[in-house]
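Student: The structure follows.
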Amino acid sequence: MTIQWLSELAMRLRLMAGTAFLLIFTVAVTSVHAPSVFGQDEPVVIGDGEQSEEEEEKPPPKLEEMEFPSVEQLMKGPPVDWIVLKKEERVIAVQPVTPRPGTLEHIEARMKKPAEHEPDDLRFDEEGNELDAAGLVRARRIWRQSLPYLSVYLPLDPNDRYNLAADDEYLLHERHIDRIIYFEDLMLQQIDRFLDKKQISEAYEMLVALRGRDPKWPGTPLREQRLLFEEAAVFLKKGQPEFALVNLELLHARAPGFTGLPNELGRVADQLMTTADQVGELRRVRHFLNRLKIQLPQHPIVLKWTETLSSRAAELVAAAETAEKAGQIEDALTKAETAAKTWPSTEGLSRAYNRLAMRYQRLRVGVLLQPQDDVNVESWTAADARRMQLTQTRLFEPEQLDGEIVRYRSRFFTEWEPTGLGRRIRFQLRPHRQSWESQQVALAGTLINRFSELLNPAAADFDERFSANVSSVSLKSPFEFTLQLNAVPLRAEPLFTHTMNLPGAFQLAERDEKSVTYRRTIPEPEDAEEFHTAEIIEIKYDSHEKAVQGLMRGEVSLLPHVPLRHVDRLAEDQSLSMRKYQLPVTHVIQFNLHSRPLRNRALRRAMAYALNKQKLLVDHILGSKESEKGRLTSAPFPSKSYAFDSSVAPMNYDIGLAAAMVIAARKELGDKLPELKLLCAPDAFSRELAKQMIDSWSRAGLTVHLISEADAAKTQNDSWDLVYRTVSMREPAVELWPFLTLQPTAKVSMLEHLPSWLRQELVELERAANWERTRELLYRLHRHLVAESHLIPLWEVDQYQVARKTIRGIPIEPMTAYDRVEQWTIGPWYSRTEP
Amino acid sequence: MIMQLYPTFRRSFARLIVKQSCVFNGRRIRMSLVAMCCVLSCALNSTRGVLAQEEEETPTELKPYRVAVRVAIEADPSLTPRFRAAVLQQLRERCDSYWGRMCDVEIRQTPQLMPATAEMLARMSEEDLASKDTHDKTFVITLESFGGGYRVSGRVWEAVTGEFSLPVTVNYYRRAESAEKLFELLSDLFEPIVEIGEFDSQTVFLKVRAGEIPPADPDQSPMKPGRLLRPFYRFLSRENEVLRIQSVPWTYLVVDESNRALATSRPVSGLRVPLTTRRRRLVQVLAVGIRPQLEATQLRLESRHVAGQPLIGFTVQMLADDQDEDPSRLISDRQGAVTIPRSEDGEPVTLAIRSGRALLAKLPFVAGLVPESELSLPDDSVRLGVEGELSVLEAEITDAVAGRAVMMSRARLHARENQWEQTDALIQQIDAQRGADYYRTELTIIRERGVSSAAARGDRAAERRIERLCTQTEELIDRYLTLDKVQQLKEELAELRADLKEDANNGGRSRARRERGARSVQRKRNSP
């Protein structure tokens, strides 16, 4: 309104006056002579000349009548300053004045000491020629006469495309100006309004816009501080006290004296600590306490919690000592551990903890998956393997990889000698056990009972392969028996892959959503010279990153599987020891033998060609192209295995060929492509990889759905088409058949859905009695499996285990996650660092 | 003595006493008492010779079965001597009344089987009886108390086949039923013996032993429609001694119709010519009734090439009579065995033994006759090896064809967009691909290797199958890997390129021609 009025007025006067040098302004109180110093486009002097009647009718609005600019105006402009006149506090809105802020102060200073503000070009005329002395005096006089005037421009009119009037300069004498309300001040006012209304994000946007205009505008820091404070209150109200604490900490760093800050900091930290304490997360309590202590060391909340925690820890230490005296070592250790988490620097804690932890050695392990109750081969995970290793017993365990061959050890036998040209094996049982061993001595009768079950076709555990290989079992003495074989086996040990009817070294003791606890089946004697692992607690984490964090914080002491991208970083940590497993793990896509569409070779090969395996490997597993910890593979067994034919290359990525194959498959399947269902392990990492593969297949024109975690647990034979799984094959000659048929043992009936030639090759492999023939058959199988795409071998990655150096006895290159765990010694350690 | 040895003579003699004349072997004889004495004397002196002569001369249909029944009763206090005598007497009466003249039955209690139990009977071997008895059929029956009731078990030794049947056991609870149960058991074990007469591919004519002297109870007639018979040959010496007995494998006769001594049957056989058309005097072609007693039979498949090697993982299909019905499939286990259940109607089931798609054998089989049976077959390993190699080759061919199609499609696309560098690069790649000649060479190697291995084994069927498989793969190569399509593409592209060049020289006058060319490319691309 004011802008329009002023602009119309100026235009009209120019037309009336012809020369348009003078402007009569109604508000003007005194008349001032307006010198022309700026050549032809001389400015209009506001406040001089005659008054017209029209102008008197439209005076500028008073300050209280001014309409506050909208948020849109403030954010998008055009910017407008308000010049508040002394007369009745009338306001002229103009384009932002300069210099700013402190415009009036600048004019005043210029008037008081003109010499200091004299422009350098005053001594030159318009053509750049130096003025003579008279000319300089005249120019200096004219310049000095202009000093009390403020140069203003009419505001830009967003509706006027040309804005001609906005280019006209007007001069306003400083004696008429009461004050200037800058556009930035208007923004600050709006920010205040937002903050009053708790509109944090709007206030933040305005603040950002203001910083964009002038980062050092007076009043901005205060608004920023207020924003942090008010936002903290909002966070607290929303139930996000941790965010509130962060805000308050930031505010404390900027303005420690901000009104109400210490109280609020204390209140938020107290709330956080109380909540963490209620759920038993003592490390978290200490973490918040520490944060508060850094900001306000003498805050009453700091003192309160310090006292609470330290006294509680002292009580726990005392209780632990009492329990120890009562012989309740396990309970005592639990108390000492809680004390260590509560207040690590408690006096006497270290001594008590070390003593107890050495006596009852508890190992905490960070894992991603828990073992399943009902497990089948396709949904078999590393967690199930760990559980089986701990709780079940096998006659032979893999000891080391000797070149291409795995060597075995047995906890039961002192010797197992082949006699009768290899057709008979005499087993000599150990009559005693070591003090660290967690299992009873096995008697020949017990083992023979188990063999009977395996040999009896009517028994549930009947094993076709074992039955075909073993013709009779004879008991010689309680510690000796003999097996008569039908044929000389390639190797004897892989025949005995069955779990025995003896308890495992550990038993599953407790289980909840977050952890699984295994305890030693037979505890070590009280008078033992040295103690070993007594209890293993597997703590579940949501992701590899969380597990690594848990290790660094001291929540766990061992990660059985380290993601490859973290291996190098963790290996540098002096407190940790990184161990590489002897066998790598191979990731494969396997097809359901019962899935009819996937019996089509073109479809299977299309799926193999559609996967950019190299990219998936680098992006999701290795983390960098340079890493040598993983490689593409063409077989489900390790590339260093005797079964691996290195002349068989992995299938290349060729999306064009995949699409062509899909078209061919569609024709063969009756012009209709099925929608396939993919099964995979329930951990987030595997599922993410599975989703990436599904995307790749969709690019080739195939629809694949990922079976949900809930449905994956109750899969039937016909409820899935393909499975993404991992395998670590020690004995390909023995394990390939069960692997291909997705069965725990080699059953002939499960070969039904395989092509007859593949069936025959597996049977021949079973009959092979020498290494040459075995290798020849495995090489042939390797070539044929790739050609037929009976499975898609993806990549082979090395596996690593990381453990605290306080754990001793782990083999340098372990075969399994808990390789010889009964002999491990878990040294006492708890985190003393401030969280 | 005579009466015991020769029942037919016994009956004739009895008549002579009454009428002083008799019809002996169909001839009426008048003789005085003295003459009768002479006859008696001769009979006493040369009993054996007379018997043999009469046996030879008596037609089969008039020849009754000579049946011996040896009953062993458990030494149990509850089974008193009186009870034993009564049981034997009742059994004798039943045999006479039900079977009549069809069988000459001699029933004796035998002390040989100690203890007289089913288990002991099961252990008994045929040698224990074969040399001791001269009857056509010798039944060995045990009777014992079992649980709260009784158990009778029996086996029969068939002199004509020299085989001892599997034991059959019946339990019952009423002691008074003992004789009845014993007779039921005899009846169940009784199998007819027939002479095979004329035959063609559809019908086999049979002459039934004792068919003209049917049993008193028609239900006891051993020949009924639907009965299964197993044919066999008896090779005799000039002295009429049995040299050997040879079964006709995988062959059964199913009785269609029976009228006293004559019967017709339908041959069911896995052999092309199951019965010989040449008849020799010293070879008897006979058949004996069979009745499945067991629930199933384990059929073991063995390699014909490697003795004793089981054929593992082979498919055995049990073909149904209804062609629309899916055959049930079995897979041979690590012993090469499949368990064939007894068919409900008792008829032979047709088994098709396959190795992959190849049919190795198709034969009838009656399950339940014996616990185990064996079948030797070619192991098909050579053909399977070839099939595996061909599978790899076919995968390579499929990849090559699909890859070439993709590159040709891309080349056309680049050509249409005037990107000739990329087009030429793709044509180069297509030319660099392995062609039909390479795959033909590979195929020849596989074929030669397979055929020579099969020939070395003398496996003609495998040779034929390998040839057939290789021919199919060769057809694939000829159909999909010819260079015609590549040549056609090159011509199209050359034409298009020439048009474009001309177009550039003539300032667009041949644009119409080029568009025509592009349309032609598109048309050809869309053509199958």
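By order in the structure tokens, chains are A, B, ...; within a chain, residues start at 1; ligands start at 1, following the order shown.
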May I have all residues of range 596-799 of chain A that DSSP, computed from the backbone, assigns to alpha helix (DSSP H), given as an NGL selection string?

Tutor: :A and (601-610 or 613-616 or 655-668 or 684-699 or 709-712 or 732-741 or 756-767 or 771-788)

Student: List the neighbours of Met408 in chain B out to 8 Å using only C-alpha atoms; skip same-chain residues closer than 6 positions along the sequence, and give me the result as JSON, numbers by chain.

Tutor: {"B": [426, 427, 430, 486, 489]}

Student: Output the contact residues of chain A with respect to chain B at a cut-off of 9 Å, based on only C-alpha atoms, as JSON, numbers by chain.

Tutor: {"A": [464, 465, 468, 601, 602, 605, 656, 657, 658, 659, 660, 661, 664, 747, 748, 749, 750, 751, 752, 755, 756, 757, 758, 759, 760, 761, 763, 783, 784, 785, 786, 787, 788]}

Student: Quick one: DSSP strand (DSSP E or B) residues in range 19-249 of chain B, as a count of residues only?

Tutor: 78

Student: May I have the residues within 12 Å of Gly219 in chain A as a PyMOL selection string, using only C-alpha atoms and disregarding those fewer than 2 positions away in the same chain?

Tutor: chain A and resi 101+184-189+191-192+207+210-211+214-217+221-226

Student: Print the selection's residues with N, CA, C and O atoms to a file, as a CSV table (one decimal), in the first residue's frame.

Tutor:
chain,number,residue,atom,x,y,z
A,101,PRO,N,23.5,-3.5,9.5
A,101,PRO,CA,22.6,-2.7,10.3
A,101,PRO,C,23.3,-1.5,10.8
A,101,PRO,O,24.5,-1.3,10.4
A,184,GLU,N,15.7,-8.2,8.2
A,184,GLU,CA,16.2,-9.3,9.0
A,184,GLU,C,15.6,-9.3,10.4
A,184,GLU,O,15.3,-10.4,11.0
A,185,ASP,N,15.3,-8.0,10.9
A,185,ASP,CA,14.6,-8.0,12.2
A,185,ASP,C,13.2,-8.5,12.1
A,185,ASP,O,12.7,-9.1,13.0
A,186,LEU,N,12.6,-8.3,10.9
A,186,LEU,CA,11.3,-8.8,10.7
A,186,LEU,C,11.3,-10.4,10.8
A,186,LEU,O,10.5,-11.0,11.3
A,187,MET,N,12.4,-10.9,10.1
A,187,MET,CA,12.6,-12.4,10.1
A,187,MET,C,12.8,-12.9,11.5
A,187,MET,O,12.2,-13.9,11.9
A,188,LEU,N,13.6,-12.2,12.3
A,188,LEU,CA,13.8,-12.6,13.7
A,188,LEU,C,12.5,-12.6,14.5
A,188,LEU,O,12.3,-13.5,15.3
A,189,GLN,N,11.7,-11.5,14.2
A,189,GLN,CA,10.4,-11.5,14.9
A,189,GLN,C,9.6,-12.7,14.6
A,189,GLN,O,8.9,-13.3,15.4
A,191,ILE,N,10.7,-15.6,13.6
A,191,ILE,CA,11.3,-16.8,14.3
A,191,ILE,C,10.8,-16.9,15.7
A,191,ILE,O,10.5,-18.0,16.2
A,192,ASP,N,10.8,-15.7,16.3
A,192,ASP,CA,10.3,-15.7,17.7
A,192,ASP,C,8.9,-16.2,17.8
A,192,ASP,O,8.5,-16.9,18.7
A,207,LEU,N,15.4,-19.5,10.1
A,207,LEU,CA,16.8,-19.2,10.6
A,207,LEU,C,17.8,-19.5,9.5
A,207,LEU,O,18.8,-18.7,9.3
A,210,LEU,N,17.7,-16.7,7.1
A,210,LEU,CA,18.3,-15.5,7.7
A,210,LEU,C,19.8,-15.6,7.6
A,210,LEU,O,20.5,-14.7,7.2
A,211,ARG,N,20.3,-16.8,7.9
A,211,ARG,CA,21.8,-17.0,7.9
A,211,ARG,C,22.3,-16.9,6.4
A,211,ARG,O,23.4,-16.4,6.2
A,214,ASP,N,22.4,-13.0,6.0
A,214,ASP,CA,23.6,-12.4,6.7
A,214,ASP,C,23.9,-13.3,7.9
A,214,ASP,O,23.1,-13.3,8.9
A,215,PRO,N,24.9,-14.1,7.8
A,215,PRO,CA,25.2,-15.0,8.9
A,215,PRO,C,25.5,-14.3,10.3
A,215,PRO,O,25.4,-15.0,11.3
A,216,LYS,N,25.9,-13.1,10.2
A,216,LYS,CA,26.3,-12.4,11.4
A,216,LYS,C,25.2,-11.4,11.9
A,216,LYS,O,25.6,-10.4,12.6
A,217,TRP,N,24.1,-11.5,11.5
A,217,TRP,CA,23.0,-10.5,11.8
A,217,TRP,C,22.8,-10.5,13.3
A,217,TRP,O,22.7,-11.6,13.9
A,221,PRO,N,22.4,-15.6,16.8
A,221,PRO,CA,22.8,-16.6,17.7
A,221,PRO,C,21.8,-16.9,18.8
A,221,PRO,O,21.6,-18.0,19.2
A,222,LEU,N,21.2,-15.8,19.3
A,222,LEU,CA,20.3,-16.0,20.4
A,222,LEU,C,19.1,-16.9,19.9
A,222,LEU,O,18.6,-17.7,20.6
A,223,ARG,N,18.7,-16.6,18.7
A,223,ARG,CA,17.5,-17.4,18.2
A,223,ARG,C,18.0,-18.8,18.0
A,223,ARG,O,17.2,-19.7,18.2
A,224,GLU,N,19.2,-19.0,17.5
A,224,GLU,CA,19.7,-20.4,17.4
A,224,GLU,C,19.7,-21.1,18.7
A,224,GLU,O,19.3,-22.3,18.8
A,225,GLN,N,20.1,-20.4,19.7
A,225,GLN,CA,20.2,-21.0,21.1
A,225,GLN,C,18.8,-21.4,21.5
A,225,GLN,O,18.5,-22.4,22.1
A,226,ARG,N,17.9,-20.4,21.3
A,226,ARG,CA,16.5,-20.7,21.7
A,226,ARG,C,15.9,-21.8,20.9
A,226,ARG,O,15.1,-22.6,21.5

Student: Leaving out Ser78 in chain B and any residue of its chain fewer than 5 positions from it, which residues lie within 10 Å of it when counting only C-alpha atoms, given as a ChimeraX atom specification?

Tutor: /B:83,144-145

Student: Report the distance between CA of Leu765 in chain A and CA of Val488 in chain A in Å, rounded to one decimal place.

Tutor: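 Pair CA of Leu765 in chain A / CA of Val488 in chain A returns 13.6 Å.
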
Student: What does the distance from CA of Pro835 in chain A to CA of Met273 in chain A come to in Å, to one decimal?

Tutor: 13.1 Å

Student: Which neighbours of range 290-294 of chain B fall inside 8 Å, counting only C-alpha atoms, when residues of the same chain fewer than 3 positions from it are skipped, and could you give them as a ChimeraX atom specification?

Tutor: /B:166,168,191,227-230,297,342,346,366-371

Student: Could the residues in this selection be saved with N, CA, C and O atoms as a PDB file, in the first residue's frame?

Tutor:
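So the final result, stored in again27.pdb, reads:
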ATOM      1  N   LEU B 166       6.453-121.672   0.229  1.00  0.00           N
ATOM      2  CA  LEU B 166       6.630-120.858   1.432  1.00  0.00           C
ATOM      3  C   LEU B 166       5.600-121.291   2.474  1.00  0.00           C
ATOM      4  O   LEU B 166       4.532-121.768   2.114  1.00  0.00           O
ATOM      5  N   VAL B 168       2.592-121.252   5.058  1.00  0.00           N
ATOM      6  CA  VAL B 168       1.352-120.476   5.236  1.00  0.00           C
ATOM      7  C   VAL B 168       0.838-120.806   6.633  1.00  0.00           C
ATOM      8  O   VAL B 168       0.870-121.966   7.054  1.00  0.00           O
ATOM      9  N   GLU B 191      -1.978-126.710  -5.446  1.00  0.00           N
ATOM     10  CA  GLU B 191      -1.878-126.045  -6.744  1.00  0.00           C
ATOM     11  C   GLU B 191      -2.042-127.085  -7.843  1.00  0.00           C
ATOM     12  O   GLU B 191      -1.494-128.195  -7.749  1.00  0.00           O
ATOM     13  N   ARG B 227      -7.069-118.119 -12.365  1.00  0.00           N
ATOM     14  CA  ARG B 227      -5.937-118.713 -11.668  1.00  0.00           C
ATOM     15  C   ARG B 227      -4.649-118.448 -12.439  1.00  0.00           C
ATOM     16  O   ARG B 227      -4.635-118.392 -13.661  1.00  0.00           O
ATOM     17  N   LEU B 228      -3.576-118.252 -11.708  1.00  0.00           N
ATOM     18  CA  LEU B 228      -2.271-118.007 -12.335  1.00  0.00           C
ATOM     19  C   LEU B 228      -1.471-119.300 -12.379  1.00  0.00           C
ATOM     20  O   LEU B 228      -1.480-120.070 -11.404  1.00  0.00           O
ATOM     21  N   LEU B 229      -0.821-119.524 -13.499  1.00  0.00           N
ATOM     22  CA  LEU B 229       0.030-120.703 -13.634  1.00  0.00           C
ATOM     23  C   LEU B 229       1.411-120.264 -14.061  1.00  0.00           C
ATOM     24  O   LEU B 229       1.564-119.239 -14.746  1.00  0.00           O
ATOM     25  N   ARG B 230       2.352-121.033 -13.641  1.00  0.00           N
ATOM     26  CA  ARG B 230       3.735-120.726 -14.028  1.00  0.00           C
ATOM     27  C   ARG B 230       4.253-121.870 -14.894  1.00  0.00           C
ATOM     28  O   ARG B 230       4.311-123.023 -14.436  1.00  0.00           O
ATOM     29  N   THR B 297       7.149-108.431  -2.859  1.00  0.00           N
ATOM     30  CA  THR B 297       8.399-109.103  -3.230  1.00  0.00           C
ATOM     31  C   THR B 297       9.445-108.034  -3.508  1.00  0.00           C
ATOM     32  O   THR B 297       9.147-107.002  -4.115  1.00  0.00           O
ATOM     33  N   ARG B 342       2.003-106.764  -3.561  1.00  0.00           N
ATOM     34  CA  ARG B 342       1.125-107.742  -4.206  1.00  0.00           C
ATOM     35  C   ARG B 342      -0.073-107.022  -4.816  1.00  0.00           C
ATOM     36  O   ARG B 342      -0.642-106.117  -4.195  1.00  0.00           O
ATOM     37  N   GLY B 346      -4.548-110.047  -7.974  1.00  0.00           N
ATOM     38  CA  GLY B 346      -3.729-111.241  -8.112  1.00  0.00           C
ATOM     39  C   GLY B 346      -3.124-111.414  -9.489  1.00  0.00           C
ATOM     40  O   GLY B 346      -2.339-112.330  -9.714  1.00  0.00           O
ATOM     41  N   VAL B 366       4.573-111.086 -10.820  1.00  0.00           N
ATOM     42  CA  VAL B 366       3.587-111.384  -9.779  1.00  0.00           C
ATOM     43  C   VAL B 366       4.317-111.264  -8.445  1.00  0.00           C
ATOM     44  O   VAL B 366       5.181-112.077  -8.131  1.00  0.00           O
ATOM     45  N   ALA B 367       3.961-110.237  -7.731  1.00  0.00           N
ATOM     46  CA  ALA B 367       4.611-110.022  -6.435  1.00  0.00           C
ATOM     47  C   ALA B 367       3.922-110.853  -5.378  1.00  0.00           C
ATOM     48  O   ALA B 367       2.727-111.131  -5.483  1.00  0.00           O
ATOM     49  N   GLY B 368       4.678-111.265  -4.379  1.00  0.00           N
ATOM     50  CA  GLY B 368       4.098-112.019  -3.267  1.00  0.00           C
ATOM     51  C   GLY B 368       4.346-113.504  -3.355  1.00  0.00           C
ATOM     52  O   GLY B 368       3.984-114.246  -2.449  1.00  0.00           O
ATOM     53  N   LEU B 369       4.954-113.963  -4.453  1.00  0.00           N
ATOM     54  CA  LEU B 369       5.236-115.390  -4.566  1.00  0.00           C
ATOM     55  C   LEU B 369       6.460-115.766  -3.756  1.00  0.00           C
ATOM     56  O   LEU B 369       6.496-116.790  -3.090  1.00  0.00           O
ATOM     57  N   VAL B 370       7.480-114.937  -3.885  1.00  0.00           N
ATOM     58  CA  VAL B 370       8.740-115.187  -3.174  1.00  0.00           C
ATOM     59  C   VAL B 370       9.161-113.888  -2.496  1.00  0.00           C
ATOM     60  O   VAL B 370       8.755-112.807  -2.930  1.00  0.00           O
ATOM     61  N   PRO B 371       9.943-113.966  -1.447  1.00  0.00           N
ATOM     62  CA  PRO B 371      10.360-112.715  -0.785  1.00  0.00           C
ATOM     63  C   PRO B 371      11.273-111.879  -1.672  1.00  0.00           C
ATOM     64  O   PRO B 371      11.199-110.660  -1.659  1.00  0.00           O
TER      65      PRO B 371
END
